[in-house]
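Next comes coords_6.pdb, a file with PDB, C-alpha atoms.
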```pdb
MODEL        1
ATOM      1  CA  MET A 524       0.000   0.000   0.000
ATOM      2  CA  ARG A 525       1.281   3.420  -0.976
ATOM      3  CA  HIS A 526       0.664   6.770   0.597
ATOM      4  CA  GLU A 527      -0.482   9.635  -1.563
ATOM      5  CA  VAL A 528      -0.826  13.334  -0.794
ATOM      6  CA  ARG A 529      -3.078  15.500  -2.866
ATOM      7  CA  THR A 530      -4.815  18.855  -2.782
ATOM      8  CA  LEU A 531      -8.317  18.526  -1.382
ATOM      9  CA  THR A 532     -11.356  19.805  -3.243
ATOM     10  CA  PRO A 533     -14.934  20.539  -2.190
ATOM     11  CA  ALA A 534     -15.800  16.939  -3.135
ATOM     12  CA  ASP A 535     -13.562  15.786  -0.243
ATOM     13  CA  GLN A 536     -15.640  17.689   2.325
ATOM     14  CA  PRO A 537     -17.343  14.699   4.022
ATOM     15  CA  ASN A 538     -14.071  12.842   4.665
ATOM     16  CA  TRP A 539     -12.205  16.041   5.537
ATOM     17  CA  ARG A 540     -14.929  16.969   8.045
ATOM     18  CA  ARG A 541     -14.822  13.487   9.616
ATOM     19  CA  LEU A 542     -11.049  13.715  10.198
ATOM     20  CA  ARG A 543     -11.237  17.347  11.237
ATOM     21  CA  LEU A 544     -13.838  16.570  13.906
ATOM     22  CA  GLN A 545     -11.800  13.602  15.110
ATOM     23  CA  ALA A 546      -8.757  15.861  15.516
ATOM     24  CA  LEU A 547     -10.691  18.655  17.221
ATOM     25  CA  GLU A 548     -12.479  16.311  19.629
ATOM     26  CA  ARG A 549      -9.412  14.319  20.666
ATOM     27  CA  TYR A 550      -6.847  17.135  20.742
ATOM     28  CA  PRO A 551      -8.717  20.393  21.407
ATOM     29  CA  ALA A 552      -5.636  22.326  22.563
ATOM     30  CA  ALA A 553      -3.831  21.567  19.312
ATOM     31  CA  PHE A 554      -6.200  23.576  17.113
ATOM     32  CA  LEU A 555      -7.703  27.049  17.179
ATOM     33  CA  THR A 556     -11.139  25.865  16.042
ATOM     34  CA  THR A 557     -13.245  23.950  18.542
ATOM     35  CA  ALA A 558     -15.213  20.829  17.688
ATOM     36  CA  GLY A 559     -18.402  22.745  18.501
ATOM     37  CA  GLU A 560     -17.505  25.491  16.047
ATOM     38  CA  GLN A 561     -16.772  22.926  13.360
ATOM     39  CA  ARG A 562     -20.047  21.060  13.986
ATOM     40  CA  ALA A 563     -21.972  24.340  13.706
ATOM     41  CA  ARG A 564     -20.285  25.261  10.426
ATOM     42  CA  PRO A 565     -22.401  24.490   7.353
ATOM     43  CA  ALA A 566     -20.954  22.075   4.800
ATOM     44  CA  SER A 567     -21.015  24.927   2.289
ATOM     45  CA  VAL A 568     -18.456  26.839   4.395
ATOM     46  CA  ASP A 569     -16.226  23.760   4.515
ATOM     47  CA  ARG A 570     -16.489  23.336   0.749
ATOM     48  CA  ALA A 571     -15.574  26.996   0.240
ATOM     49  CA  ALA A 572     -12.485  26.537   2.432
ATOM     50  CA  LEU A 573     -11.511  23.415   0.497
ATOM     51  CA  SER A 574     -11.876  25.259  -2.801
ATOM     52  CA  GLY A 575      -9.023  27.603  -1.826
ATOM     53  CA  GLY A 576      -6.362  25.011  -2.642
ATOM     54  CA  ASN A 577      -4.568  25.137   0.729
ATOM     55  CA  TRP A 578      -5.801  21.858   2.227
ATOM     56  CA  ARG A 579      -3.971  18.586   1.598
ATOM     57  CA  GLY A 580      -5.080  15.065   2.350
ATOM     58  CA  LEU A 581      -2.961  12.049   3.128
ATOM     59  CA  PHE A 582      -4.390   8.881   1.613
ATOM     60  CA  LEU A 583      -3.620   5.202   1.986
ATOM     61  CA  SER A 584      -5.379   2.959  -0.519
ATOM     62  CA  HIS A 585      -7.862   5.741  -1.280
ATOM     63  CA  GLU A 586      -8.719   6.188   2.425
ATOM     64  CA  MET A 587      -8.066   9.668   3.842
ATOM     65  CA  ILE A 588      -5.894   9.172   6.926
ATOM     66  CA  GLY A 589      -4.519  12.674   7.412
ATOM     67  CA  ILE A 590      -5.230  16.323   6.761
ATOM     68  CA  GLY A 591      -3.157  19.463   6.837
ATOM     69  CA  ALA A 592      -2.930  22.888   5.294
ATOM     70  CA  LEU A 593      -0.064  24.430   3.353
ATOM     71  CA  ILE A 594      -0.762  28.139   3.496
ATOM     72  CA  PRO A 595       1.335  30.594   1.493
ATOM     73  CA  LYS A 596       1.767  34.156   2.663
ATOM     74  CA  VAL A 597       0.024  36.486   0.235
ATOM     75  CA  GLN A 598       2.077  39.636   0.803
ATOM     76  CA  ASP A 599       5.012  40.032  -1.592
ATOM     77  CA  ALA A 600       7.447  40.743   1.239
ATOM     78  CA  CYS A 601       6.463  37.447   2.917
ATOM     79  CA  ALA A 602       6.141  35.265  -0.178
ATOM     80  CA  HIS A 603       9.173  33.251   0.925
ATOM     81  CA  ARG A 604       7.202  31.826   3.874
ATOM     82  CA  VAL A 605       4.539  29.112   4.112
ATOM     83  CA  ASP A 606       2.577  27.977   7.133
ATOM     84  CA  ILE A 607       1.693  24.412   7.949
ATOM     85  CA  GLY A 608      -1.635  24.338   9.718
ATOM     86  CA  ALA A 609      -3.971  21.816  11.291
ATOM     87  CA  PHE A 610      -1.633  18.891  10.606
ATOM     88  CA  PHE A 611      -3.251  15.639  11.741
ATOM     89  CA  VAL A 612      -2.804  11.930  11.044
ATOM     90  CA  ILE A 613      -5.249   9.450  12.556
ATOM     91  CA  GLU A 614      -3.910   7.509  15.534
ATOM     92  CA  ASP A 615      -4.069   4.138  13.764
ATOM     93  CA  HIS A 616      -1.138   5.357  11.646
ATOM     94  CA  TRP A 617       1.014   6.841  14.394
ATOM     95  CA  GLY A 618       4.376   5.149  14.546
ATOM     96  CA  SER A 619       4.235   4.259  10.872
ATOM     97  CA  ASN A 620       5.859   6.446   8.261
ATOM     98  CA  ALA A 621       2.533   8.145   7.402
ATOM     99  CA  GLY A 622       3.163  11.415   9.256
ATOM    100  CA  GLN A 623       6.718  11.575   7.961
ATOM    101  CA  PHE A 624       5.564  10.939   4.404
ATOM    102  CA  PHE A 625       2.938  13.684   4.751
ATOM    103  CA  LEU A 626       5.343  16.259   6.180
ATOM    104  CA  ASP A 627       7.966  15.413   3.552
ATOM    105  CA  ALA A 628       5.364  15.922   0.811
ATOM    106  CA  LEU A 629       4.400  19.336   2.222
ATOM    107  CA  GLU A 630       8.055  20.330   2.433
ATOM    108  CA  SER A 631       8.673  19.188  -1.153
ATOM    109  CA  GLU A 632       5.736  21.256  -2.346
ATOM    110  CA  ALA A 633       6.918  24.292  -0.373
ATOM    111  CA  ARG A 634      10.366  23.990  -1.951
ATOM    112  CA  LYS A 635       8.860  23.707  -5.448
ATOM    113  CA  ARG A 636       6.958  26.920  -4.763
ATOM    114  CA  GLY A 637      10.239  28.625  -3.922
ATOM    115  CA  ALA A 638       9.574  28.938  -0.190
ATOM    116  CA  LEU A 639      12.630  29.575   1.941
ATOM    117  CA  GLN A 640      10.983  28.630   5.206
ATOM    118  CA  MET A 641       8.069  26.706   6.675
ATOM    119  CA  GLU A 642       6.421  27.840   9.883
ATOM    120  CA  LEU A 643       3.986  26.253  12.317
ATOM    121  CA  SER A 644       2.771  26.406  15.877
ATOM    122  CA  VAL A 645       2.411  23.562  18.367
ATOM    123  CA  ALA A 646       0.562  23.407  21.675
ATOM    124  CA  SER A 647       3.129  23.389  24.472
ATOM    125  CA  ASP A 648       1.418  20.371  26.029
ATOM    126  CA  ASN A 649       1.881  18.228  22.894
ATOM    127  CA  PRO A 650       5.310  16.612  23.411
ATOM    128  CA  ARG A 651       4.780  14.010  20.675
ATOM    129  CA  ALA A 652       4.246  16.703  18.004
ATOM    130  CA  ILE A 653       7.108  18.790  19.396
ATOM    131  CA  ARG A 654       9.507  15.837  19.118
ATOM    132  CA  PHE A 655       8.264  15.084  15.583
ATOM    133  CA  TYR A 656       8.812  18.620  14.325
ATOM    134  CA  GLU A 657      12.163  19.054  16.061
ATOM    135  CA  ARG A 658      13.345  15.703  14.656
ATOM    136  CA  ASN A 659      12.443  17.122  11.235
ATOM    137  CA  GLY A 660      14.613  20.205  11.575
ATOM    138  CA  PHE A 661      12.091  22.706  12.923
ATOM    139  CA  GLU A 662      13.544  25.162  15.437
ATOM    140  CA  ARG A 663      11.538  26.852  18.184
ATOM    141  CA  PHE A 664      11.698  30.628  17.932
ATOM    142  CA  GLY A 665       9.009  31.870  20.247
ATOM    143  CA  MET A 666       5.960  31.290  22.356
ATOM    144  CA  GLN A 667       2.403  32.633  22.392
ATOM    145  CA  PRO A 668       1.207  32.631  25.981
ATOM    146  CA  ARG A 669      -2.392  31.496  26.427
ATOM    147  CA  ALA A 670      -2.835  30.821  22.719
ATOM    148  CA  VAL A 671      -6.044  29.011  23.635
ATOM    149  CA  ILE A 672      -8.092  28.729  26.800
ATOM    150  CA  LEU A 673     -10.018  25.487  27.116
ATOM    151  CA  ASP A 674     -12.316  24.819  30.043
ATOM    152  CA  GLY A 675     -10.702  27.747  31.829
ATOM    153  CA  HIS A 676      -7.166  26.391  31.394
ATOM    154  CA  PRO A 677      -4.684  28.312  29.229
ATOM    155  CA  VAL A 678      -2.375  26.478  26.826
ATOM    156  CA  ASP A 679       0.671  28.157  25.325
ATOM    157  CA  ASP A 680       1.774  27.641  21.711
ATOM    158  CA  PHE A 681       5.368  27.262  20.587
ATOM    159  CA  PHE A 682       6.314  28.787  17.233
ATOM    160  CA  TYR A 683       8.599  26.789  14.948
ATOM    161  CA  VAL A 684      10.435  27.489  11.712
ATOM    162  CA  LYS A 685      12.378  25.303   9.309
ATOM    163  CA  MET A 686      14.779  27.079   6.989
ATOM    164  CA  LEU A 687      14.617  25.382   3.603
ATOM    165  CA  ASP A 688      17.682  27.107   2.173
ATOM    166  CA  ARG A 689      20.170  25.744   4.695
TER     167      ARG A 689
ENDMDL
END
```
Re-express the file's structure as structure tokens.
Amino acid sequence: MRHEVRTLTPADQPNWRRLRLQALERYPAAFLTTAGEQRARPASVDRAALSGGNWRGLFLSHEMIGIGALIPKVQDACAHRVDIGAFFVIEDHWGSNAGQFFLDALESEARKRGALQMELSVASDNPRAIRFYERNGFERFGMQPRAVILDGHPVDDFFYVKMLDR
């Protein structure tokens, strides 16, 4: 079985929404959108977001097992930067090479676009993701205190960058 990464389209909305809700329900501190907000969002809003070309899906034998966004900066002065957002691979594929394959594909695409750096943020209470990104050459460069507050408890975010021209 081979992994495949492709740009998601509005037709992918049902599977994207299923994975998105799974991510938001299981790891609420890792995302800025809550599961409740996502459930309340009409499918038409999801389809509009998927039509923008920023969302990618990770597939294994035609089954979507991961989602993530590759978001270019639109300002000319920042065109050398891309953000990775809402990166998630379902737990059944943790410990396999699925997450690595997905991240490598996003990095390859960023390089083809001429990006010099990739940026992302990680919840400070997510050591597994922190280890994954650091193992892949991302360097912490800052922190956002109280990036989210869930059930009255603040969670900080760490900011990471990977220089693609080094």
I'd like the residues picked by the PyMOL selection byres ((chain A and resi 594) around 8) written out as a ChimeraX atom specification, using the chain letters and numbers from the file. /A:577,592-593,595-596,605-608
Using the chain letters and numbering of this document, enumerate as an NGL selection string the residues selected by the PyMOL selection byres ((chain A and resi 642) around 6). :A and (606 or 641 or 643 or 683-684)
Could you tell me how far CA of Phe611 (chain A) lies from CA of Arg543 (chain A), in Å and to one decimal? 8.2 Å
Result set of the PyMOL selection byres ((chain A and resi 553) around 12) on the coordinates above, as a compact mmCIF listing (two decimals) with C-alpha atoms, in the coordinates of the input:
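result_18.txt, written as the output of this step:
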```
# COMPACT_ATOMS: atom_id res chain seq x y z
CA ARG A 543 -11.24 17.35 11.24
CA ALA A 546 -8.76 15.86 15.52
CA LEU A 547 -10.69 18.66 17.22
CA GLU A 548 -12.48 16.31 19.63
CA ARG A 549 -9.41 14.32 20.67
CA TYR A 550 -6.85 17.14 20.74
CA PRO A 551 -8.72 20.39 21.41
CA ALA A 552 -5.64 22.33 22.56
CA PHE A 554 -6.20 23.58 17.11
CA LEU A 555 -7.70 27.05 17.18
CA THR A 556 -11.14 25.86 16.04
CA THR A 557 -13.24 23.95 18.54
CA ALA A 558 -15.21 20.83 17.69
CA GLY A 608 -1.64 24.34 9.72
CA ALA A 609 -3.97 21.82 11.29
CA PHE A 610 -1.63 18.89 10.61
CA PHE A 611 -3.25 15.64 11.74
CA LEU A 643 3.99 26.25 12.32
CA SER A 644 2.77 26.41 15.88
CA VAL A 645 2.41 23.56 18.37
CA ALA A 646 0.56 23.41 21.68
CA SER A 647 3.13 23.39 24.47
CA ASP A 648 1.42 20.37 26.03
CA ASN A 649 1.88 18.23 22.89
CA PRO A 650 5.31 16.61 23.41
CA ARG A 651 4.78 14.01 20.68
CA ALA A 652 4.25 16.70 18.00
CA ILE A 653 7.11 18.79 19.40
CA ALA A 670 -2.84 30.82 22.72
CA VAL A 671 -6.04 29.01 23.64
CA ILE A 672 -8.09 28.73 26.80
CA LEU A 673 -10.02 25.49 27.12
CA VAL A 678 -2.38 26.48 26.83
CA ASP A 679 0.67 28.16 25.32
CA ASP A 680 1.77 27.64 21.71
CA PHE A 681 5.37 27.26 20.59
```
Separating CA of Gly660 (chain A) from CA of Lys685 (chain A), to the nearest tenth of an Å, is a gap of 6.0 Å
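When CA of Arg579 (chain A) is paired with CA of Glu527 (chain A), their separation reads 10.1 Å.
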Kindly extract all protein, DNA and RNA residues lying within 12 Å of the coordinates (-13.1, 12.0, 8.0) given in the file, considering all atoms listed in the file, and supply them as a count of residues only. 24
Extract, using only C-alpha atoms, all DNA, RNA and protein residues at most 7 Å from region 623-627 of chain A, discarding same-chain residues fewer than 3 positions from it, and format them as a ChimeraX atom specification. /A:528,581,620,630-631
Kindly indicate which residue among A:Ser584, A:Ser619, A:Asn659, A:Gln640 lies nearest to Arg604 (chain A), using only C-alpha atoms for the distances. A:Gln640
Best match for closeness to Ser567 (chain A) among A:His616, A:Phe664, A:Tyr656, A:Pro533, counting only C-alpha atoms: A:Pro533
How big is the axis-aligned box around the listed atoms of region 601-608 of chain A once 8 Å is added on each side, and where is its centre? Give both in Å to one decimal, as lines of an AutoDock Vina configuration file.
```
center_x = 3.8
center_y = 30.9
center_z = 4.8
size_x = 26.8
size_y = 29.1
size_z = 25.9
```
Residue rebuild result region 653-664 of chain A, all heavy atoms as a PDB file, in the coordinates of the input:
```pdb
ATOM      1  N   ILE A 653       5.880  18.005  19.248  1.00  0.00           N
ATOM      2  CA  ILE A 653       7.108  18.790  19.396  1.00  0.00           C
ATOM      3  C   ILE A 653       8.316  17.951  18.996  1.00  0.00           C
ATOM      4  O   ILE A 653       9.173  18.409  18.223  1.00  0.00           O
ATOM      5  CB  ILE A 653       7.236  19.321  20.842  1.00  0.00           C
ATOM      6  CG1 ILE A 653       6.170  20.404  21.082  1.00  0.00           C
ATOM      7  CG2 ILE A 653       8.642  19.839  21.121  1.00  0.00           C
ATOM      8  CD1 ILE A 653       6.001  20.802  22.537  1.00  0.00           C
ATOM      9  N   ARG A 654       8.387  16.719  19.489  1.00  0.00           N
ATOM     10  CA  ARG A 654       9.507  15.837  19.118  1.00  0.00           C
ATOM     11  C   ARG A 654       9.523  15.583  17.611  1.00  0.00           C
ATOM     12  O   ARG A 654      10.577  15.593  16.986  1.00  0.00           O
ATOM     13  CB  ARG A 654       9.418  14.506  19.877  1.00  0.00           C
ATOM     14  CG  ARG A 654       9.844  14.589  21.324  1.00  0.00           C
ATOM     15  CD  ARG A 654       9.981  13.208  21.962  1.00  0.00           C
ATOM     16  NE  ARG A 654       8.795  12.373  21.795  1.00  0.00           N
ATOM     17  CZ  ARG A 654       7.760  12.348  22.636  1.00  0.00           C
ATOM     18  NH1 ARG A 654       7.759  13.131  23.704  1.00  0.00           N
ATOM     19  NH2 ARG A 654       6.737  11.533  22.405  1.00  0.00           N
ATOM     20  N   PHE A 655       8.361  15.347  17.019  1.00  0.00           N
ATOM     21  CA  PHE A 655       8.264  15.084  15.583  1.00  0.00           C
ATOM     22  C   PHE A 655       8.814  16.258  14.775  1.00  0.00           C
ATOM     23  O   PHE A 655       9.646  16.082  13.885  1.00  0.00           O
ATOM     24  CB  PHE A 655       6.802  14.796  15.218  1.00  0.00           C
ATOM     25  CG  PHE A 655       6.551  14.625  13.752  1.00  0.00           C
ATOM     26  CD1 PHE A 655       6.991  13.491  13.072  1.00  0.00           C
ATOM     27  CD2 PHE A 655       5.851  15.587  13.040  1.00  0.00           C
ATOM     28  CE1 PHE A 655       6.744  13.327  11.712  1.00  0.00           C
ATOM     29  CE2 PHE A 655       5.588  15.429  11.693  1.00  0.00           C
ATOM     30  CZ  PHE A 655       6.048  14.300  11.022  1.00  0.00           C
ATOM     31  N   TYR A 656       8.360  17.461  15.096  1.00  0.00           N
ATOM     32  CA  TYR A 656       8.812  18.620  14.325  1.00  0.00           C
ATOM     33  C   TYR A 656      10.297  18.915  14.560  1.00  0.00           C
ATOM     34  O   TYR A 656      11.027  19.222  13.613  1.00  0.00           O
ATOM     35  CB  TYR A 656       7.951  19.840  14.631  1.00  0.00           C
ATOM     36  CG  TYR A 656       6.540  19.698  14.118  1.00  0.00           C
ATOM     37  CD1 TYR A 656       5.447  19.799  14.973  1.00  0.00           C
ATOM     38  CD2 TYR A 656       6.289  19.444  12.772  1.00  0.00           C
ATOM     39  CE1 TYR A 656       4.146  19.664  14.497  1.00  0.00           C
ATOM     40  CE2 TYR A 656       4.996  19.291  12.293  1.00  0.00           C
ATOM     41  CZ  TYR A 656       3.935  19.405  13.165  1.00  0.00           C
ATOM     42  OH  TYR A 656       2.659  19.263  12.690  1.00  0.00           O
ATOM     43  N   GLU A 657      10.745  18.805  15.793  1.00  0.00           N
ATOM     44  CA  GLU A 657      12.163  19.054  16.061  1.00  0.00           C
ATOM     45  C   GLU A 657      13.043  18.014  15.376  1.00  0.00           C
ATOM     46  O   GLU A 657      14.103  18.338  14.846  1.00  0.00           O
ATOM     47  CB  GLU A 657      12.423  19.110  17.570  1.00  0.00           C
ATOM     48  CG  GLU A 657      11.847  20.368  18.196  1.00  0.00           C
ATOM     49  CD  GLU A 657      12.061  20.479  19.694  1.00  0.00           C
ATOM     50  OE1 GLU A 657      12.520  19.497  20.344  1.00  0.00           O
ATOM     51  OE2 GLU A 657      11.748  21.563  20.246  1.00  0.00           O
ATOM     52  N   ARG A 658      12.613  16.766  15.349  1.00  0.00           N
ATOM     53  CA  ARG A 658      13.345  15.703  14.656  1.00  0.00           C
ATOM     54  C   ARG A 658      13.435  16.000  13.154  1.00  0.00           C
ATOM     55  O   ARG A 658      14.366  15.572  12.472  1.00  0.00           O
ATOM     56  CB  ARG A 658      12.634  14.375  14.912  1.00  0.00           C
ATOM     57  CG  ARG A 658      13.392  13.153  14.503  1.00  0.00           C
ATOM     58  CD  ARG A 658      12.748  11.842  14.976  1.00  0.00           C
ATOM     59  NE  ARG A 658      11.373  11.687  14.532  1.00  0.00           N
ATOM     60  CZ  ARG A 658      10.303  11.647  15.335  1.00  0.00           C
ATOM     61  NH1 ARG A 658      10.438  11.772  16.642  1.00  0.00           N
ATOM     62  NH2 ARG A 658       9.099  11.487  14.838  1.00  0.00           N
ATOM     63  N   ASN A 659      12.483  16.772  12.655  1.00  0.00           N
ATOM     64  CA  ASN A 659      12.443  17.122  11.235  1.00  0.00           C
ATOM     65  C   ASN A 659      13.049  18.479  10.930  1.00  0.00           C
ATOM     66  O   ASN A 659      12.804  19.050   9.866  1.00  0.00           O
ATOM     67  CB  ASN A 659      11.009  17.032  10.724  1.00  0.00           C
ATOM     68  CG  ASN A 659      10.635  15.620  10.391  1.00  0.00           C
ATOM     69  OD1 ASN A 659      11.000  15.114   9.334  1.00  0.00           O
ATOM     70  ND2 ASN A 659       9.940  14.945  11.301  1.00  0.00           N
ATOM     71  N   GLY A 660      13.852  19.000  11.844  1.00  0.00           N
ATOM     72  CA  GLY A 660      14.613  20.205  11.575  1.00  0.00           C
ATOM     73  C   GLY A 660      13.929  21.519  11.891  1.00  0.00           C
ATOM     74  O   GLY A 660      14.455  22.580  11.567  1.00  0.00           O
ATOM     75  N   PHE A 661      12.751  21.466  12.515  1.00  0.00           N
ATOM     76  CA  PHE A 661      12.091  22.706  12.923  1.00  0.00           C
ATOM     77  C   PHE A 661      12.744  23.210  14.205  1.00  0.00           C
ATOM     78  O   PHE A 661      13.069  22.426  15.097  1.00  0.00           O
ATOM     79  CB  PHE A 661      10.593  22.482  13.150  1.00  0.00           C
ATOM     80  CG  PHE A 661       9.813  22.363  11.872  1.00  0.00           C
ATOM     81  CD1 PHE A 661       9.725  21.151  11.216  1.00  0.00           C
ATOM     82  CD2 PHE A 661       9.175  23.463  11.326  1.00  0.00           C
ATOM     83  CE1 PHE A 661       9.008  21.018  10.035  1.00  0.00           C
ATOM     84  CE2 PHE A 661       8.454  23.350  10.142  1.00  0.00           C
ATOM     85  CZ  PHE A 661       8.374  22.121   9.498  1.00  0.00           C
ATOM     86  N   GLU A 662      12.918  24.530  14.272  1.00  0.00           N
ATOM     87  CA  GLU A 662      13.544  25.162  15.437  1.00  0.00           C
ATOM     88  C   GLU A 662      12.528  26.085  16.100  1.00  0.00           C
ATOM     89  O   GLU A 662      11.869  26.885  15.425  1.00  0.00           O
ATOM     90  CB  GLU A 662      14.764  25.974  15.003  1.00  0.00           C
ATOM     91  CG  GLU A 662      15.828  25.135  14.330  1.00  0.00           C
ATOM     92  CD  GLU A 662      16.944  25.991  13.747  1.00  0.00           C
ATOM     93  OE1 GLU A 662      17.210  27.101  14.269  1.00  0.00           O
ATOM     94  OE2 GLU A 662      17.543  25.548  12.754  1.00  0.00           O
ATOM     95  N   ARG A 663      12.443  25.981  17.425  1.00  0.00           N
ATOM     96  CA  ARG A 663      11.538  26.852  18.184  1.00  0.00           C
ATOM     97  C   ARG A 663      12.100  28.269  18.200  1.00  0.00           C
ATOM     98  O   ARG A 663      13.270  28.476  18.460  1.00  0.00           O
ATOM     99  CB  ARG A 663      11.384  26.347  19.609  1.00  0.00           C
ATOM    100  CG  ARG A 663      10.319  27.084  20.388  1.00  0.00           C
ATOM    101  CD  ARG A 663      10.180  26.608  21.814  1.00  0.00           C
ATOM    102  NE  ARG A 663      10.117  25.155  21.901  1.00  0.00           N
ATOM    103  CZ  ARG A 663      10.115  24.487  23.039  1.00  0.00           C
ATOM    104  NH1 ARG A 663      10.196  25.133  24.198  1.00  0.00           N
ATOM    105  NH2 ARG A 663      10.064  23.179  23.045  1.00  0.00           N
ATOM    106  N   PHE A 664      11.232  29.240  17.909  1.00  0.00           N
ATOM    107  CA  PHE A 664      11.698  30.628  17.932  1.00  0.00           C
ATOM    108  C   PHE A 664      10.841  31.538  18.778  1.00  0.00           C
ATOM    109  O   PHE A 664      11.120  32.730  18.890  1.00  0.00           O
ATOM    110  CB  PHE A 664      11.844  31.199  16.508  1.00  0.00           C
ATOM    111  CG  PHE A 664      10.541  31.444  15.785  1.00  0.00           C
ATOM    112  CD1 PHE A 664       9.880  32.660  15.895  1.00  0.00           C
ATOM    113  CD2 PHE A 664       9.994  30.460  14.985  1.00  0.00           C
ATOM    114  CE1 PHE A 664       8.690  32.889  15.217  1.00  0.00           C
ATOM    115  CE2 PHE A 664       8.816  30.685  14.290  1.00  0.00           C
ATOM    116  CZ  PHE A 664       8.157  31.897  14.412  1.00  0.00           C
TER     117      PHE A 664
END
```
